[in-house]
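Visitor: Starting off with a structure, shown below.
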Amino acid sequence: MLTSAHSPTARPLSRAQLRDLCSAIEEFNADYADTLDRGDIEQWPSYFTEDGVYRLIARDNADANLPLSLMSCEGMGMLKDRAYAIAHTEMFAPRYTLHQITQVRVTGFDEGIITARANYVIYETLIDEPTRLLQCGKYRDTFLMGGEKLLLKERNCIYDTVLVPTCIVYPP
Amino acid sequence: MLTSAHSPTARPLSRAQLRDLCSAIEEFNADYADTLDRGDIEQWPSYFTEDGVYRLIARDNADANLPLSLMSCEGMGMLKDRAYAIAHTEMFAPRYTLHQITQVRVTGFDEGIITARANYVIYETLIDEPTRLLQCGKYRDTFLMGGEKLLLKERNCIYDTVLVPTCIVYPP
Amino acid sequence: MLTSAHSPTARPLSRAQLRDLCSAIEEFNADYADTLDRGDIEQWPSYFTEDGVYRLIARDNADANLPLSLMSCEGMGMLKDRAYAIAHTEMFAPRYTLHQITQVRVTGFDEGIITARANYVIYETLIDEPTRLLQCGKYRDTFLMGGEKLLLKERNCIYDTVLVPTCIVYPP
Amino acid sequence: MTNTSRFASSPAVNRAEEVSDLHWPDDPAAIPDWIYTDPRIYELEQRRIFQGRTWNYVALEAELPKPGDYIRSYIGATPIIVARDEHGKIHAFENRCAHRGAEFCKTYRGNTKLFICPYHQWTYDLSGALASVPFRRGVKGVGGMPADFKLEEHNLRGLNVTCRHGVVFASFRDDIESFEDYLGPDMLDQFDTVFDGRPLKLLGVHRNTMPGNWKLYQENLKDPYHATLLHTYLTTFGLFVAGNKTMILTDSKGRHSTLCNARPQGRPENDQSKKEIRSFHAAMKLADPRVLQLIPEKDSPWTSNAITIWPNLILLRQTNILGARQIVPMGANQFMLIWTTFGYADDDAAMEQHRLRQNNIFGPGGFIGIDDNEAIKFVQDGVTHSIPRHGVAPLGQDVEGPEVVITDRAIRSLYRHYREEMGL
Amino acid sequence: MTNTSRFASSPAVNRAEEVSDLHWPDDPAAIPDWIYTDPRIYELEQRRIFQGRTWNYVALEAELPKPGDYIRSYIGATPIIVARDEHGKIHAFENRCAHRGAEFCKTYRGNTKLFICPYHQWTYDLSGALASVPFRRGVKGVGGMPADFKLEEHNLRGLNVTCRHGVVFASFRDDIESFEDYLGPDMLDQFDTVFDGRPLKLLGVHRNTMPGNWKLYQENLKDPYHATLLHTYLTTFGLFVAGNKTMILTDSKGRHSTLCNARPQGRPENDQSKKEIRSFHAAMKLADPRVLQLIPEKDSPWTSNAITIWPNLILLRQTNILGARQIVPMGANQFMLIWTTFGYADDDAAMEQHRLRQNNIFGPGGFIGIDDNEAIKFVQDGVTHSIPRHGVAPLGQDVEGPEVVITDRAIRSLYRHYREEMGL
Amino acid sequence: MTNTSRFASSPAVNRAEEVSDLHWPDDPAAIPDWIYTDPRIYELEQRRIFQGRTWNYVALEAELPKPGDYIRSYIGATPIIVARDEHGKIHAFENRCAHRGAEFCKTYRGNTKLFICPYHQWTYDLSGALASVPFRRGVKGVGGMPADFKLEEHNLRGLNVTCRHGVVFASFRDDIESFEDYLGPDMLDQFDTVFDGRPLKLLGVHRNTMPGNWKLYQENLKDPYHATLLHTYLTTFGLFVAGNKTMILTDSKGRHSTLCNARPQGRPENDQSKKEIRSFHAAMKLADPRVLQLIPEKDSPWTSNAITIWPNLILLRQTNILGARQIVPMGANQFMLIWTTFGYADDDAAMEQHRLRQNNIFGPGGFIGIDDNEAIKFVQDGVTHSIPRHGVAPLGQDVEGPEVVITDRAIRSLYRHYREEMGL
Ligand code: FES
Ligand code: FES
Ligand code: FES
Ligand SMILES: [Fe+3]
Ligand SMILES: [Fe+3]
Ligand SMILES: [Fe+3]
């Protein structure tokens, strides 16, 4: 289950390898968050592989094994369609978002496929309104390591904030 | 005093050693938090040594040198008793919690005893209620390094959120 | 623009160098935050070079290229004057603050000058009031590396929380 | 229902009745701000509408398939429980202990034989009847309940329950027409196009808070004008376009409505009406069109049916998405939406996946959901902070036929009914 | 008290008096929801109860041992300061500057000779008397205070203060009986079992907000029914069990009460009453029993005394824990609890450590504290969101003796007193 | 202004009028708590003051230099837009769509030709006039607006606008005196010392919420007593000292005021008045004195002018800082401050840098801003939680001359005017 403990790793990694992978993912997440927090949504798909999958999942649905997602992109086409919609066609008040991503943890490594997790919190600020907590949750990730470069094969965002405040515009 | 600056280290550590210890503690804290945030409270004592001490301390009591703790476990017996009570006997509404642990800092190392600190924030989500900040504070830790494995000899959680919202069910 | 993507680095750094710089900055930020969160404001200037610059900038002013800062210190004199005023002459209710600094990212390195960024969130707690989010934003930093020791040549804090709750006493 | 003597109305509600200073404007197209902002109106709505002679959506049967299954739900702002007893019968009752008033059930859903209030362990069965109280006879022969204490006088407050084609509705009133008469023939027909009697399969539930008055959401789904203007995904891809074949139905009382739209094959040609639509993006193409692909599954002439059932349900069939949206008011300026998404039990894996994929359109992160949620916030911001006056819903005429699309007819008919029910 | 002309009552309070629409039910066991939810009742309570003829707990002397020591405290919702002057006398006064009204003291505790309001530096002594104002005579002979300005007419609003055995109580009223008469002989006797005159030692203070009406907390401690049902730690380990020797006292006015319980040696045998208690875990054992170990220290026949002193104090002696809980109302649906935990000054290190360890039972993170805090939230959730009616407290009879444990007698007697004081 | 029939006053305001239970104290120096805490007073202020015959600051022309430039602003709590049309004329109108009421503009500032409400795309020009509505004639000849629908009857609610020396003021009333008459000769003269007609340059804007009633901020700037006591930066460095040459002006109605102070060369000698000032730090020296350096730029005898223009503007010239502070009430106990900081268009780079540096003194992070913001919170905390009464502003005499510094004269004159306007 998506919210259960981390999957066993295929081949155990050395401390050093783990540390390197972990810091590489931390860098990846820092850039991922900065791209979104700048509102540069059309760059967002570039963090995924061609067949990359993105899902935003309410924790109660995950716990009940219900398959519905709040956002769901299967592959680059749907990732780009969502990015385009947010950038050009959806109507919403301008907003600032800020990510805090912590506790990045590599949970598996096999044949260049890395499984990892992290916690995220997103703050949202609307004009002349106080900053509020938009959502907090967990990333459950699968990365593809291509040389030095990491790409997301799959990012599942399991959010605790089941009662969504108004709506989620930018993907967490 | 628990909220004062960090204690001097016995023998100075090399940058590399510091970095390794720091990332090891970051992994430890990631697992510690994930265990609690999954609600798997009965695994919580396994992060401590047999004589491990856990204390949850209001910052105003700490600053005033008052000895009272909101939670206090001296050794594995009391750690397990609290875990059991939360898992089986205490009455509370189901809730999600999410930790964010940041600024892990190794402040001392001597004979396999590591002193470290970190900041934590915990978000709590009740059914059909918005996510709220439950508590923020500082870890003041002493770890025992047994080979690759770290265990807490002592974790003092000094919390800024002196005015506790309702109650603290899961130990921070 | 201060809120735009990160500047290109002069000479590319190796993964290992990047990692070392990054963890050095994380340590620096941990100490910086701990100093402020202990209320030890008069130590705050010691994190800067003699010609160090500190600015606290509302994101909407930054985006509109308006030069105004909420706080602005040009050099050690103004840094110390602000620290002294907070410690000795300004009138405000006692408060706890807690920083969370995440996503530290080295964005450039040249001749011992490091450019880096991070996200920060600050929680404020007043007596008999709930902890509240005081401000969230981004650090845009320039460090001077003197041997092992880092100092801030420039720290720009670009805050999302444009609608400041009451006032900002301690510099973020 | 039992121990009705305990169900006196609240002072808040009594005081809410003092609304003599509120005057509805004469212009039949005008809607006064105060129905969105005045807390007295909110209180009055709880009693006159949600606790009045209305059928309120509370659950899908698919959410509680087995005996002992239950879910938390709401009627108006009141938390309730919907449960299926050992005989398969569905009951609904208030989530408030008959002893000291605790909201005892704090889980989304579950399966149980008994509900035990944690405070003093009063224990209720799946029908909400009080089954036992501890120490009823005291200890050692002293204390405990009075000799004349009757369990059956302390049941949970039960609700009147009805089901149709797998959908559960409840009412605080026993003296109410059947659900079928409540809907009327046309709406019932629409209802049955979504719920044709086939067993349903629950796909998931989303919840969000909306910073606006709950009625703004009812209006939104009775407002074809915005549908063809605000939503690029509807206009550009022809899902709902003024030029399409359209039908707008209301029931005889004007409280329920349906917007039907027939999506043309392929992309709508760049017809006359496009010029007026700023949200129309002629150039826009989807990199992955599956999200909008229509897999024929009904012999309905319509590709979308947006059904509003007064007071708390929106039913939406759009392309292959099926969803129920439950409105839970939370004060004059906020409400909760519960989006229950489902398919049919006999969907194959591909069809289920298709519905899940298509659901990107709706919900609090959906291409269309975001537009509407934001628009409703904008309206509440406006009516809350500007100088109070009234808005206008002047489009179309009340006598026009169902095919007229640029009309506020359904909004005006709703408020005629609303004023009667509220005595305004 | 001084310049009483300045203490006219507020419009809010005046309007709060218009509660003619509120009717208390006839059933003597019934408690109406509106006492927990109506803001007018909350306002009225501030004036009739907390500002009325009541003794309110405000501090322990051990919190301000030395001259110049002070702490922030509250009566009802009103912030006050409790200070010890240079002669050792304890004073209490409002934390509101007599000039423009600033709440000038913003520290939990401290030591000072003078209180200086930061806004314009009006300066008060430790009795709350205005000592000086800057520029009283202006500058260069012009401006400043009027010639007839009298410092003594602008003191901080002083309170009537009394101390007993190291506990400080205060009242807004001078025309009030002595604290001893206020408690009455039985309660005074109970009070003295906790405060036997030995000097106390402060161990620490915890604070939490409770999402409920403040009276629910008074009820909770007057409710032996829940004590023996809700709390596994009490029932399973025999700290409070219906089967134990028990006594429930109230004062003659019915506003104060004590629940006494005598814990049997070792673990309670699996007696009759256990069957009714779902919270009883026969199998449960403690890996470290020190938290429950009873170190005999009093010749009292009781091992626990839960004393409620109207309106804002709960005193608890449980095993070797000693604590005072101060209730600070913060609106109809919220209050703050201040848990002050202490021992005796002559405790040795082991006994102090024992009390600290045992305190895991209580407080906002305590094994029992969590149960109660959650239960009170459940009740407030229920009475706030369900259809307003009344709860029932029917257990036992008003004429029964103090040994009857399964009874709501103390709750009913409280509300008889409450209705008199409130004129409801 | 247009379609005034739509601008009936709100029930909230109607009910707010029922304040007959509020009695202003007889003592002319007394100010009752309820003007800071009662929501009815807040509602009444919106109508009688902010929507009454007042000129409200809404923008600097420098914020919208080009045709099509606009900013969001407020009058009282009402969101408005200030825009410059293609002819360079400045307009102000409510940020509320004339259709269903959406607050359609959600950006701080921008440039546009048209304002398009997102919900149904009603489109307004830069004067707030309704330019078009989509589907006005329906589709295929049916639906759409009634034949008699007139665009000009659905303009945005326009405001009466006036500009002086680059500052934009607006009023909901047309029947109001000119801005010059509104200020009166003395205040106008003060206004012109800050705004001497030279073009301005916007340096930036800060915003913060203040946990207090908005009038406390007006008082703060009419209160020389606190200025010379609270602010170390003023007292220690002689920026505002009782001993300095000072002038306190009010207009004939007593609603506007100016505090002028002439800072002596160098540091103020340790004169008599220092003894009374606890905030005076004789020892304090600045490591970098540039923040306080005075660069002569005006032939004014004063180095600081603190001008309060009723009801929503504070103008501050201090040393070389120039700033406008706009007050936006947000309920009885909160307001927003918008700090607009500027220089002159002809400042050289060094002067601009100097102003920016000096601005460390003011704003929500300024050496003086922090003092005041905290002090105002303290007062609101006090009047909110203590027993309602009244504060006093007794300093000085109403007949004294403008040179008297230790006086509350300007505060008393404000409240005489306030009572008239409010009918209290
Ligand atoms: S409140 Fe439910 S059993 Fe007492
Ligand atoms: S408010 Fe206290 S001195 Fe003025
Ligand atoms: S609300 Fe503005 S166009 Fe309809
Ligand atoms: Fe819509
Ligand atoms: Fe209890
Ligand atoms: Fe000031």
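Here's how to read the names in the structure tokens: chain A, B, ... by the order shown, residue numbers from 1 in each chain, ligand numbers from 1 in the order shown.
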Which residues of chain F have any atom within 10 Å of an atom in ligand 2 when counting only C-alpha atoms and all ligand atoms, and what is the closest pair of atoms for each, with the distance in Å to one decimal? Order the rows by chain and rising number and write it as CSV.
Guide:
```
residue,atom,partner,partner_atom_place_in_ligand_line,distance
F:Tyr225,CA,ligand 2,4 (Fe),8.7
F:His226,CA,ligand 2,4 (Fe),7.5
F:Leu229,CA,ligand 2,3 (S),9.5
F:Leu230,CA,ligand 2,3 (S),9.5
F:Ala375,CA,ligand 2,1 (S),8.2
F:Ile376,CA,ligand 2,1 (S),9.2
F:Phe378,CA,ligand 2,1 (S),8.3
F:Val379,CA,ligand 2,1 (S),6.6
F:Gly382,CA,ligand 2,1 (S),9.2
F:Gly391,CA,ligand 2,1 (S),8.3
F:Val392,CA,ligand 2,4 (Fe),8.9
F:Ala393,CA,ligand 2,4 (Fe),8.9
```
Visitor: Could you list, as a list in words, all residues that come within 8 Å of ligand 1? Count only C-alpha atoms and all ligand atoms.
Guide: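 Counting only C-alpha atoms and all ligand atoms, the residues within 8 Å of ligand 1 come out as Arg96, Cys97, Ala98, His99, Arg100, Gly101, Ala102, Glu103, Phe104, Ile116, Cys117, Pro118, Tyr119, His120, Gln121, Trp122, Thr123 and Val133 of chain D; His226 and Val379 of chain E.
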Visitor: Within 9 Å of ligand 4, counting only C-alpha atoms and all ligand atoms: which residues, as an mmCIF file with all heavy atoms, in the first residue's frame?
Guide:
```
data_model
loop_
_atom_site.group_PDB
_atom_site.id
_atom_site.type_symbol
_atom_site.label_atom_id
_atom_site.label_comp_id
_atom_site.auth_asym_id
_atom_site.auth_seq_id
_atom_site.Cartn_x
_atom_site.Cartn_y
_atom_site.Cartn_z
ATOM 1 N N ASN D 220 -24.187 27.688 -9.965
ATOM 2 C CA ASN D 220 -23.145 27.409 -10.959
ATOM 3 C C ASN D 220 -23.585 26.300 -11.908
ATOM 4 O O ASN D 220 -23.341 26.359 -13.112
ATOM 5 C CB ASN D 220 -21.859 27.017 -10.234
ATOM 6 C CG ASN D 220 -20.724 26.686 -11.182
ATOM 7 O OD1 ASN D 220 -20.540 25.533 -11.542
ATOM 8 N ND2 ASN D 220 -19.981 27.709 -11.619
ATOM 9 N N LEU D 221 -24.269 25.301 -11.386
ATOM 10 C CA LEU D 221 -24.690 24.169 -12.214
ATOM 11 C C LEU D 221 -26.023 24.422 -12.895
ATOM 12 O O LEU D 221 -26.493 23.600 -13.678
ATOM 13 C CB LEU D 221 -24.753 22.901 -11.355
ATOM 14 C CG LEU D 221 -23.447 22.126 -11.171
ATOM 15 C CD1 LEU D 221 -22.991 21.508 -12.479
ATOM 16 C CD2 LEU D 221 -22.344 22.962 -10.570
ATOM 17 N N ASP D 223 -26.351 27.297 -14.559
ATOM 18 C CA ASP D 223 -25.906 28.495 -15.272
ATOM 19 C C ASP D 223 -25.186 28.120 -16.572
ATOM 20 O O ASP D 223 -23.961 28.039 -16.616
ATOM 21 C CB ASP D 223 -24.959 29.266 -14.331
ATOM 22 C CG ASP D 223 -24.340 30.492 -14.978
ATOM 23 O OD1 ASP D 223 -24.639 30.794 -16.148
ATOM 24 O OD2 ASP D 223 -23.533 31.146 -14.295
ATOM 25 N N PRO D 224 -25.942 27.885 -17.629
ATOM 26 C CA PRO D 224 -25.298 27.491 -18.897
ATOM 27 C C PRO D 224 -24.445 28.613 -19.492
ATOM 28 O O PRO D 224 -23.525 28.361 -20.251
ATOM 29 C CB PRO D 224 -26.487 27.186 -19.808
ATOM 30 C CG PRO D 224 -27.637 27.926 -19.223
ATOM 31 C CD PRO D 224 -27.403 27.952 -17.744
ATOM 32 N N HIS D 226 -22.229 30.553 -17.974
ATOM 33 C CA HIS D 226 -20.813 30.439 -17.583
ATOM 34 C C HIS D 226 -20.197 29.201 -18.242
ATOM 35 O O HIS D 226 -19.032 29.199 -18.624
ATOM 36 C CB HIS D 226 -20.666 30.366 -16.061
ATOM 37 C CG HIS D 226 -20.523 28.982 -15.523
ATOM 38 N ND1 HIS D 226 -21.585 28.144 -15.320
ATOM 39 C CD2 HIS D 226 -19.417 28.265 -15.210
ATOM 40 C CE1 HIS D 226 -21.152 26.983 -14.864
ATOM 41 N NE2 HIS D 226 -19.856 27.020 -14.785
ATOM 42 N N ALA D 227 -21.013 28.146 -18.372
ATOM 43 C CA ALA D 227 -20.465 26.884 -18.893
ATOM 44 C C ALA D 227 -19.850 27.087 -20.273
ATOM 45 O O ALA D 227 -18.783 26.552 -20.581
ATOM 46 C CB ALA D 227 -21.561 25.820 -18.952
ATOM 47 N N THR D 228 -20.495 27.912 -21.046
ATOM 48 C CA THR D 228 -20.034 28.097 -22.425
ATOM 49 C C THR D 228 -19.042 29.243 -22.556
ATOM 50 O O THR D 228 -18.573 29.539 -23.639
ATOM 51 C CB THR D 228 -21.249 28.334 -23.354
ATOM 52 O OG1 THR D 228 -20.798 28.261 -24.693
ATOM 53 C CG2 THR D 228 -21.877 29.697 -23.086
ATOM 54 N N LEU D 230 -16.691 30.224 -19.433
ATOM 55 C CA LEU D 230 -15.562 30.143 -18.507
ATOM 56 C C LEU D 230 -14.613 28.995 -18.842
ATOM 57 O O LEU D 230 -13.396 29.127 -18.729
ATOM 58 C CB LEU D 230 -16.103 29.968 -17.071
ATOM 59 C CG LEU D 230 -15.088 29.695 -15.964
ATOM 60 C CD1 LEU D 230 -14.083 30.822 -15.832
ATOM 61 C CD2 LEU D 230 -15.807 29.473 -14.634
ATOM 62 N N HIS D 231 -15.162 27.882 -19.260
ATOM 63 C CA HIS D 231 -14.376 26.642 -19.279
ATOM 64 C C HIS D 231 -13.775 26.347 -20.640
ATOM 65 O O HIS D 231 -14.462 25.847 -21.533
ATOM 66 C CB HIS D 231 -15.254 25.464 -18.858
ATOM 67 C CG HIS D 231 -15.825 25.602 -17.490
ATOM 68 N ND1 HIS D 231 -15.047 25.778 -16.371
ATOM 69 C CD2 HIS D 231 -17.106 25.592 -17.059
ATOM 70 C CE1 HIS D 231 -15.825 25.851 -15.302
ATOM 71 N NE2 HIS D 231 -17.077 25.750 -15.686
ATOM 72 N N ILE D 368 -11.710 21.730 -15.121
ATOM 73 C CA ILE D 368 -12.928 22.531 -15.010
ATOM 74 C C ILE D 368 -13.204 22.887 -13.551
ATOM 75 O O ILE D 368 -13.651 23.984 -13.235
ATOM 76 C CB ILE D 368 -14.113 21.755 -15.627
ATOM 77 C CG1 ILE D 368 -13.926 21.701 -17.146
ATOM 78 C CG2 ILE D 368 -15.443 22.393 -15.265
ATOM 79 C CD1 ILE D 368 -14.815 20.715 -17.854
ATOM 80 N N GLY D 369 -12.884 21.949 -12.664
ATOM 81 C CA GLY D 369 -13.116 22.183 -11.234
ATOM 82 C C GLY D 369 -12.403 23.426 -10.731
ATOM 83 O O GLY D 369 -12.966 24.227 -9.968
ATOM 84 N N ASP D 371 -11.528 26.143 -12.431
ATOM 85 C CA ASP D 371 -12.243 27.336 -12.918
ATOM 86 C C ASP D 371 -13.418 27.691 -12.008
ATOM 87 O O ASP D 371 -13.567 28.824 -11.570
ATOM 88 C CB ASP D 371 -12.820 27.086 -14.328
ATOM 89 C CG ASP D 371 -11.768 26.831 -15.395
ATOM 90 O OD1 ASP D 371 -10.622 27.292 -15.232
ATOM 91 O OD2 ASP D 371 -12.102 26.146 -16.387
ATOM 92 N N ASP D 372 -14.253 26.696 -11.745
ATOM 93 C CA ASP D 372 -15.473 26.962 -10.971
ATOM 94 C C ASP D 372 -15.162 27.326 -9.524
ATOM 95 O O ASP D 372 -15.754 28.255 -8.975
ATOM 96 C CB ASP D 372 -16.391 25.733 -11.001
ATOM 97 C CG ASP D 372 -17.144 25.618 -12.317
ATOM 98 O OD1 ASP D 372 -17.493 26.660 -12.895
ATOM 99 O OD2 ASP D 372 -17.366 24.470 -12.761
ATOM 100 N N ASN D 373 -14.250 26.579 -8.908
ATOM 101 C CA ASN D 373 -13.935 26.845 -7.505
ATOM 102 C C ASN D 373 -13.409 28.265 -7.341
ATOM 103 O O ASN D 373 -13.783 28.972 -6.397
ATOM 104 C CB ASN D 373 -12.904 25.844 -6.983
ATOM 105 C CG ASN D 373 -13.476 24.434 -6.908
ATOM 106 O OD1 ASN D 373 -14.558 24.157 -7.415
ATOM 107 N ND2 ASN D 373 -12.743 23.537 -6.266
ATOM 108 N N ALA D 375 -13.967 30.819 -9.431
ATOM 109 C CA ALA D 375 -15.028 31.784 -9.756
ATOM 110 C C ALA D 375 -15.943 31.997 -8.551
ATOM 111 O O ALA D 375 -16.344 33.123 -8.237
ATOM 112 C CB ALA D 375 -15.828 31.291 -10.955
#
```
Visitor: Under the rule that only C-alpha atoms are counted, which of D:Met422, D:Ile361, D:Ile387, D:Met210 is the nearest residue to Phe50 (chain F)?
Guide: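 With only C-alpha atoms as the atom set, the closest residue is D:Ile387.
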Visitor: What are the residues of chain C that have an atom within 12 Å of an atom of chain B, counting only C-alpha atoms, as a PyMOL selection string?
Guide: chain C and resi 16-17+19-40+43+94-104+119-133+148-149
Visitor: With a distance threshold of 6 Å and counting only C-alpha atoms, extract the residues of chain F near chain C and express them as a PyMOL selection string.
Guide: chain F and resi 203-204+207-210+232+287-288+360+364-365+371+374
Visitor: For the selection you just gave me, I'd like the residues written to a file as an mmCIF file, in the first residue's frame, keeping N, CA and C atoms.
Guide:
```cif
data_model
loop_
_atom_site.group_PDB
_atom_site.id
_atom_site.type_symbol
_atom_site.label_atom_id
_atom_site.label_comp_id
_atom_site.auth_asym_id
_atom_site.auth_seq_id
_atom_site.Cartn_x
_atom_site.Cartn_y
_atom_site.Cartn_z
ATOM 1 N N LEU F 203 9.154 53.778 -4.843
ATOM 2 C CA LEU F 203 10.293 52.942 -4.442
ATOM 3 C C LEU F 203 9.854 51.538 -4.033
ATOM 4 N N GLY F 204 8.618 51.417 -3.553
ATOM 5 C CA GLY F 204 8.135 50.101 -3.166
ATOM 6 C C GLY F 204 6.967 50.199 -2.210
ATOM 7 N N ARG F 207 3.104 45.751 3.072
ATOM 8 C CA ARG F 207 1.777 45.531 3.622
ATOM 9 C C ARG F 207 1.901 44.740 4.914
ATOM 10 N N ASN F 208 1.088 45.076 5.884
ATOM 11 C CA ASN F 208 1.011 44.201 7.052
ATOM 12 C C ASN F 208 -0.377 44.286 7.677
ATOM 13 N N THR F 209 -0.727 43.252 8.410
ATOM 14 C CA THR F 209 -1.973 43.284 9.169
ATOM 15 C C THR F 209 -1.633 43.740 10.581
ATOM 16 N N MET F 210 -2.550 44.490 11.151
ATOM 17 C CA MET F 210 -2.362 44.974 12.515
ATOM 18 C C MET F 210 -3.488 44.423 13.372
ATOM 19 N N THR F 232 12.968 54.822 21.048
ATOM 20 C CA THR F 232 14.375 55.124 21.322
ATOM 21 C C THR F 232 15.021 55.830 20.138
ATOM 22 N N ALA F 287 26.847 52.573 14.708
ATOM 23 C CA ALA F 287 28.073 52.203 13.990
ATOM 24 C C ALA F 287 28.034 52.774 12.578
ATOM 25 N N ASP F 288 26.834 52.891 12.043
ATOM 26 C CA ASP F 288 26.685 53.463 10.703
ATOM 27 C C ASP F 288 25.587 54.512 10.730
ATOM 28 N N ASN F 360 14.858 51.919 6.774
ATOM 29 C CA ASN F 360 14.974 50.947 7.865
ATOM 30 C C ASN F 360 14.247 51.411 9.117
ATOM 31 N N PRO F 364 6.922 47.579 8.609
ATOM 32 C CA PRO F 364 6.674 46.472 9.540
ATOM 33 C C PRO F 364 7.947 45.808 10.052
ATOM 34 N N GLY F 365 9.111 46.257 9.583
ATOM 35 C CA GLY F 365 10.368 45.773 10.134
ATOM 36 C C GLY F 365 11.256 46.925 10.553
ATOM 37 N N ASP F 371 8.007 49.198 17.225
ATOM 38 C CA ASP F 371 7.484 49.754 18.486
ATOM 39 C C ASP F 371 5.984 50.016 18.398
ATOM 40 N N GLU F 374 3.613 46.908 17.808
ATOM 41 C CA GLU F 374 3.446 46.124 19.035
ATOM 42 C C GLU F 374 2.560 46.875 20.031
#
```
Visitor: Which residue is closest to chain F? Choose from E:Arg53, E:Arg137, E:His23, E:His87 and count only C-alpha atoms.
Guide: E:Arg137
Visitor: Kindly provide, as an MDAnalysis selection string, the residues of chain D having any atom no farther than 10 Å from an atom of chain E, counting only C-alpha atoms.
Guide: chainID D and resid 4:15 46:47 51 74:80 94:106 116:121 133:147 149 154 157 330
Visitor: Quick check, in Å to one decimal: how far apart do CA of Glu111 (chain B) and CA of Pro12 (chain B) lie?
Guide: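 For CA of Glu111 (chain B) relative to CA of Pro12 (chain B), the distance reads 12.3 Å.
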